[in-house]
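Peer 1: Sharing work-v1.pdb below, PDB, C-alpha atoms:
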```
ATOM      1  CA  MET A1310     -64.798-106.126  44.842
ATOM      2  CA  GLU A1311     -64.031-105.132  41.303
ATOM      3  CA  HIS A1312     -61.412-102.536  40.392
ATOM      4  CA  ARG A1313     -60.387-101.128  37.023
ATOM      5  CA  MET A1314     -57.983 -98.265  36.421
ATOM      6  CA  HIS A1315     -57.392 -96.597  33.081
ATOM      7  CA  PRO A1316     -54.449 -94.228  33.594
ATOM      8  CA  ALA A1317     -54.335 -92.976  30.009
ATOM      9  CA  ASP A1318     -57.691 -91.257  30.263
ATOM     10  CA  CYS A1319     -57.766 -90.776  34.056
ATOM     11  CA  HIS A1320     -60.739 -93.046  34.581
ATOM     12  CA  ALA A1321     -61.302 -95.493  37.406
ATOM     13  CA  VAL A1322     -64.171 -97.757  38.438
ATOM     14  CA  HIS A1323     -64.565 -99.667  41.685
ATOM     15  CA  ARG A1324     -67.394-101.877  42.924
ATOM     16  CA  PHE A1325     -68.121-101.882  46.660
ATOM     17  CA  ASP A1326     -70.196-104.418  48.572
ATOM     18  CA  GLY A1327     -72.347-101.805  50.341
ATOM     19  CA  ARG A1328     -71.553-103.090  53.823
ATOM     20  CA  ASN A1329     -70.080-101.254  56.811
ATOM     21  CA  GLY A1330     -66.948 -99.391  55.813
ATOM     22  CA  THR A1331     -68.045 -98.766  52.221
ATOM     23  CA  VAL A1332     -68.138 -94.971  52.552
ATOM     24  CA  THR A1333     -64.657 -94.856  54.102
ATOM     25  CA  ALA A1334     -63.285 -97.225  51.465
ATOM     26  CA  ALA A1335     -64.849 -95.165  48.665
ATOM     27  CA  ARG A1336     -63.332 -91.943  50.036
ATOM     28  CA  GLU A1337     -59.906 -93.585  50.266
ATOM     29  CA  TYR A1338     -60.234 -94.926  46.724
ATOM     30  CA  ALA A1339     -61.293 -91.478  45.459
ATOM     31  CA  GLN A1340     -58.427 -89.796  47.344
ATOM     32  CA  GLN A1341     -55.919 -92.090  45.649
ATOM     33  CA  PHE A1342     -57.476 -91.366  42.254
ATOM     34  CA  LEU A1343     -57.450 -87.596  42.825
ATOM     35  CA  GLU A1344     -53.778 -87.685  43.827
ATOM     36  CA  ARG A1345     -52.897 -89.261  40.455
ATOM     37  CA  CYS A1346     -54.610 -86.630  38.286
ATOM     38  CA  VAL A1347     -52.291 -84.796  35.909
ATOM     39  CA  PRO A1348     -52.021 -81.882  36.015
ATOM     40  CA  PRO A1349     -52.607 -81.914  39.783
ATOM     41  CA  LEU A1350     -55.965 -80.805  41.109
ATOM     42  CA  ALA A1351     -56.287 -77.872  43.494
ATOM     43  CA  ALA A1352     -56.894 -78.763  47.138
ATOM     44  CA  ALA A1353     -60.363 -77.158  46.995
ATOM     45  CA  VAL A1354     -61.348 -79.330  44.014
ATOM     46  CA  LYS A1355     -60.159 -82.458  45.819
ATOM     47  CA  GLY A1356     -62.099 -81.480  48.931
ATOM     48  CA  ASP A1357     -65.291 -80.858  46.957
ATOM     49  CA  ALA A1358     -64.878 -84.136  45.095
ATOM     50  CA  LEU A1359     -64.434 -86.089  48.328
ATOM     51  CA  LEU A1360     -67.606 -84.502  49.749
ATOM     52  CA  VAL A1361     -69.488 -85.512  46.608
ATOM     53  CA  VAL A1362     -68.170 -89.083  46.807
ATOM     54  CA  SER A1363     -69.099 -89.300  50.495
ATOM     55  CA  GLU A1364     -72.607 -88.008  49.869
ATOM     56  CA  LEU A1365     -73.363 -90.197  46.870
ATOM     57  CA  VAL A1366     -71.930 -93.383  48.374
ATOM     58  CA  SER A1367     -73.585 -92.711  51.757
ATOM     59  CA  ASN A1368     -76.941 -92.399  50.049
ATOM     60  CA  ALA A1369     -76.370 -95.559  48.019
ATOM     61  CA  VAL A1370     -75.487 -97.520  51.171
ATOM     62  CA  ARG A1371     -78.397 -96.052  53.146
ATOM     63  CA  HIS A1372     -81.144 -96.315  50.536
ATOM     64  CA  ALA A1373     -80.212 -99.198  48.210
ATOM     65  CA  PRO A1374     -79.560-102.784  49.222
ATOM     66  CA  GLY A1375     -76.389-104.446  48.046
ATOM     67  CA  PRO A1376     -73.414-103.279  46.070
ATOM     68  CA  CYS A1377     -72.685 -99.908  44.531
ATOM     69  CA  THR A1378     -70.171 -98.800  41.950
ATOM     70  CA  LEU A1379     -68.068 -95.637  41.999
ATOM     71  CA  ALA A1380     -66.736 -94.294  38.692
ATOM     72  CA  LEU A1381     -64.354 -91.331  38.505
ATOM     73  CA  THR A1382     -63.165 -89.515  35.392
ATOM     74  CA  ASP A1383     -60.918 -86.473  35.009
ATOM     75  CA  ASP A1384     -60.774 -85.157  31.449
ATOM     76  CA  ARG A1385     -58.586 -82.199  32.544
ATOM     77  CA  GLN A1386     -61.586 -79.863  32.447
ATOM     78  CA  ARG A1387     -64.260 -81.733  34.376
ATOM     79  CA  LEU A1388     -64.192 -84.232  37.181
ATOM     80  CA  THR A1389     -67.106 -86.648  36.890
ATOM     81  CA  VAL A1390     -68.262 -88.724  39.849
ATOM     82  CA  THR A1391     -70.884 -91.412  39.224
ATOM     83  CA  VAL A1392     -72.337 -93.769  41.810
ATOM     84  CA  SER A1393     -74.581 -96.584  40.627
ATOM     85  CA  ASP A1394     -76.729 -98.608  43.006
ATOM     86  CA  THR A1395     -79.577-101.139  43.044
ATOM     87  CA  SER A1396     -82.472 -98.779  43.821
ATOM     88  CA  ALA A1397     -84.557 -97.191  41.075
ATOM     89  CA  VAL A1398     -85.864 -94.534  43.495
ATOM     90  CA  THR A1399     -84.584 -91.118  42.457
ATOM     91  CA  PRO A1400     -83.242 -88.723  45.088
ATOM     92  CA  VAL A1401     -85.324 -85.682  45.989
ATOM     93  CA  ALA A1402     -84.467 -82.530  47.860
ATOM     94  CA  ARG A1403     -85.819 -82.429  51.404
ATOM     95  CA  LEU A1404     -86.004 -79.633  53.896
ATOM     96  CA  PRO A1405     -82.871 -79.952  56.070
ATOM     97  CA  ASP A1406     -83.686 -81.232  59.556
ATOM     98  CA  LEU A1407     -81.823 -79.229  62.193
ATOM     99  CA  VAL A1408     -83.815 -80.678  65.106
ATOM    100  CA  ALA A1409     -84.155 -84.461  64.763
ATOM    101  CA  GLY A1410     -80.980 -84.932  62.745
ATOM    102  CA  THR A1411     -82.592 -86.929  59.930
ATOM    103  CA  GLY A1412     -80.585 -85.233  57.208
ATOM    104  CA  GLY A1413     -81.816 -83.382  54.165
ATOM    105  CA  PHE A1414     -78.562 -81.524  53.551
ATOM    106  CA  GLY A1415     -76.830 -83.768  51.023
ATOM    107  CA  TRP A1416     -78.858 -83.187  47.879
ATOM    108  CA  HIS A1417     -78.614 -79.419  48.375
ATOM    109  CA  LEU A1418     -74.865 -79.677  49.000
ATOM    110  CA  LEU A1419     -74.392 -81.819  45.915
ATOM    111  CA  HIS A1420     -76.136 -79.233  43.734
ATOM    112  CA  ARG A1421     -74.053 -76.441  45.260
ATOM    113  CA  LEU A1422     -70.727 -78.191  44.632
ATOM    114  CA  ALA A1423     -71.414 -79.624  41.183
ATOM    115  CA  GLN A1424     -71.857 -77.790  37.903
ATOM    116  CA  GLN A1425     -74.261 -80.507  36.812
ATOM    117  CA  VAL A1426     -76.147 -83.326  38.562
ATOM    118  CA  ALA A1427     -77.985 -86.060  36.667
ATOM    119  CA  VAL A1428     -79.925 -89.156  37.670
ATOM    120  CA  GLU A1429     -80.375 -92.056  35.271
ATOM    121  CA  VAL A1430     -82.778 -94.861  36.161
ATOM    122  CA  HIS A1431     -81.769 -98.082  34.395
ATOM    123  CA  ALA A1432     -84.366-100.225  32.655
ATOM    124  CA  SER A1433     -82.627-103.302  34.061
ATOM    125  CA  GLY A1434     -82.956-101.932  37.608
ATOM    126  CA  GLY A1435     -81.087 -99.482  39.766
ATOM    127  CA  LYS A1436     -79.861 -96.020  38.963
ATOM    128  CA  SER A1437     -76.763 -93.895  38.516
ATOM    129  CA  VAL A1438     -76.275 -90.454  40.011
ATOM    130  CA  THR A1439     -73.627 -88.333  38.305
ATOM    131  CA  ALA A1440     -72.093 -85.089  39.531
ATOM    132  CA  VAL A1441     -69.793 -83.049  37.310
ATOM    133  CA  LEU A1442     -67.335 -80.634  38.918
ATOM    134  CA  SER A1443     -64.864 -78.252  37.334
ATOM    135  CA  SER A1444     -61.505 -79.953  37.754
ATOM    136  CA  ARG A1445     -59.463 -76.839  37.158
ATOM    137  CA  THR A1446     -59.865 -73.540  38.908
ATOM    138  CA  ALA A1447     -59.733 -70.348  36.870
TER     139      ALA A1447
END
```
In structure tokens, write the structure found in this file.
Peer 2:
Amino acid sequence: MEHRMHPADCHAVHRFDGRNGTVTAAREYAQQFLERCVPPLAAAVKGDALLVVSELVSNAVRHAPGPCTLALTDDRQRLTVTVSDTSAVTPVARLPDLVAGTGGFGWHLLHRLAQQVAVEVHASGGKSVTAVLSSRTA
């Protein structure tokens, strides 16, 4: 696993292997990052950010083989969460499944929590999904 922390600009990057425990490890890593933000983030912002991390990393683990990378940046106005994985397939909104339990909630949730969501497919393979949240409440 690779880990880089840049405290001066509140930026951190961590590579996960994509195996069992990746989502939990990513949430813990994100929690530690969010606790170090200066000025401190509101509890609601932290909660939203952790949901976004969980959703993006869960999807990377479920739909892309191999490792994924989590990048977090707080520029004191916006909190940016980017997850890169090995699949070039872009996420699409699905009708939520309340009966069989096959999901369909995450993409809608992500768009509700984030001010901006972007998907970048890389020419070399894989993709990055970025969600931008307001890091300061009005």
Peer 1: Please enclose the listed atoms of range 1385-1404 of chain A in an axis-aligned box, pad each side by 8 Å, and write out the centre and the three edge lengths in Å, rounded to one decimal, as JSON.
Peer 2:
```
{"center_x": -72.3, "center_y": -90.4, "center_z": 43.2, "size_x": 43.4, "size_y": 37.5, "size_z": 37.4}
```
Peer 1: So the first atom is CA of Ala1321 in chain A and the second is CA of Phe1414 in chain A; what is the distance between them in Å, to one decimal place?
Peer 2: 27.5 Å
Peer 1: Applied to the shown file, which residues does the PyMOL selection byres ((chain A and resi 1335) around 9) return, written as a PDB file with C-alpha atoms, in the coordinates of the input?
Peer 2:
```pdb
ATOM      1  CA  HIS A1323     -64.565 -99.667  41.685  1.00  0.00           C
ATOM      2  CA  PHE A1325     -68.121-101.882  46.660  1.00  0.00           C
ATOM      3  CA  GLY A1330     -66.948 -99.391  55.813  1.00  0.00           C
ATOM      4  CA  THR A1331     -68.045 -98.766  52.221  1.00  0.00           C
ATOM      5  CA  VAL A1332     -68.138 -94.971  52.552  1.00  0.00           C
ATOM      6  CA  THR A1333     -64.657 -94.856  54.102  1.00  0.00           C
ATOM      7  CA  ALA A1334     -63.285 -97.225  51.465  1.00  0.00           C
ATOM      8  CA  ARG A1336     -63.332 -91.943  50.036  1.00  0.00           C
ATOM      9  CA  GLU A1337     -59.906 -93.585  50.266  1.00  0.00           C
ATOM     10  CA  TYR A1338     -60.234 -94.926  46.724  1.00  0.00           C
ATOM     11  CA  ALA A1339     -61.293 -91.478  45.459  1.00  0.00           C
ATOM     12  CA  GLN A1340     -58.427 -89.796  47.344  1.00  0.00           C
ATOM     13  CA  VAL A1362     -68.170 -89.083  46.807  1.00  0.00           C
ATOM     14  CA  SER A1363     -69.099 -89.300  50.495  1.00  0.00           C
ATOM     15  CA  VAL A1366     -71.930 -93.383  48.374  1.00  0.00           C
ATOM     16  CA  LEU A1379     -68.068 -95.637  41.999  1.00  0.00           C
TER      17      LEU A1379
END
```
Peer 1: Decode the PyMOL selection byres ((chain A and resi 1400) around 10) for the given file into explicit residues and return them as a list of chain:residue names.
Peer 2: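 Selected by the PyMOL selection byres ((chain A and resi 1400) around 10) here: A:Asn1368, A:His1372, A:Ala1397, A:Val1398, A:Thr1399, A:Val1401, A:Ala1402, A:Arg1403, A:Trp1416, A:Val1428, A:Val1438.
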Peer 1: Looking at A:Glu1364, A:Asp1357, A:Leu1381, A:Gly1435, which one is nearest to Ala1423 in chain A, with distances taken over only C-alpha atoms?
Peer 2: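 Residue with the minimum atom-to-atom distance to Ala1423 in chain A: A:Asp1357.
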Peer 1: List the residues selected by the PyMOL selection byres ((chain A and resi 1390-1393) around 9) in the file shown, writing them as a PyMOL selection string.
Peer 2: chain A and resi 1358+1361-1362+1365-1366+1369+1376-1382+1388-1389+1394-1396+1435-1442
Peer 1: From the options A:Val1408, A:Val1354, A:Arg1385, A:Gly1434, which residue's atoms come nearest to Leu1422 in chain A, counting all atoms listed in the file?
Peer 2: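 The closest residue to Leu1422 in chain A is A:Val1354.
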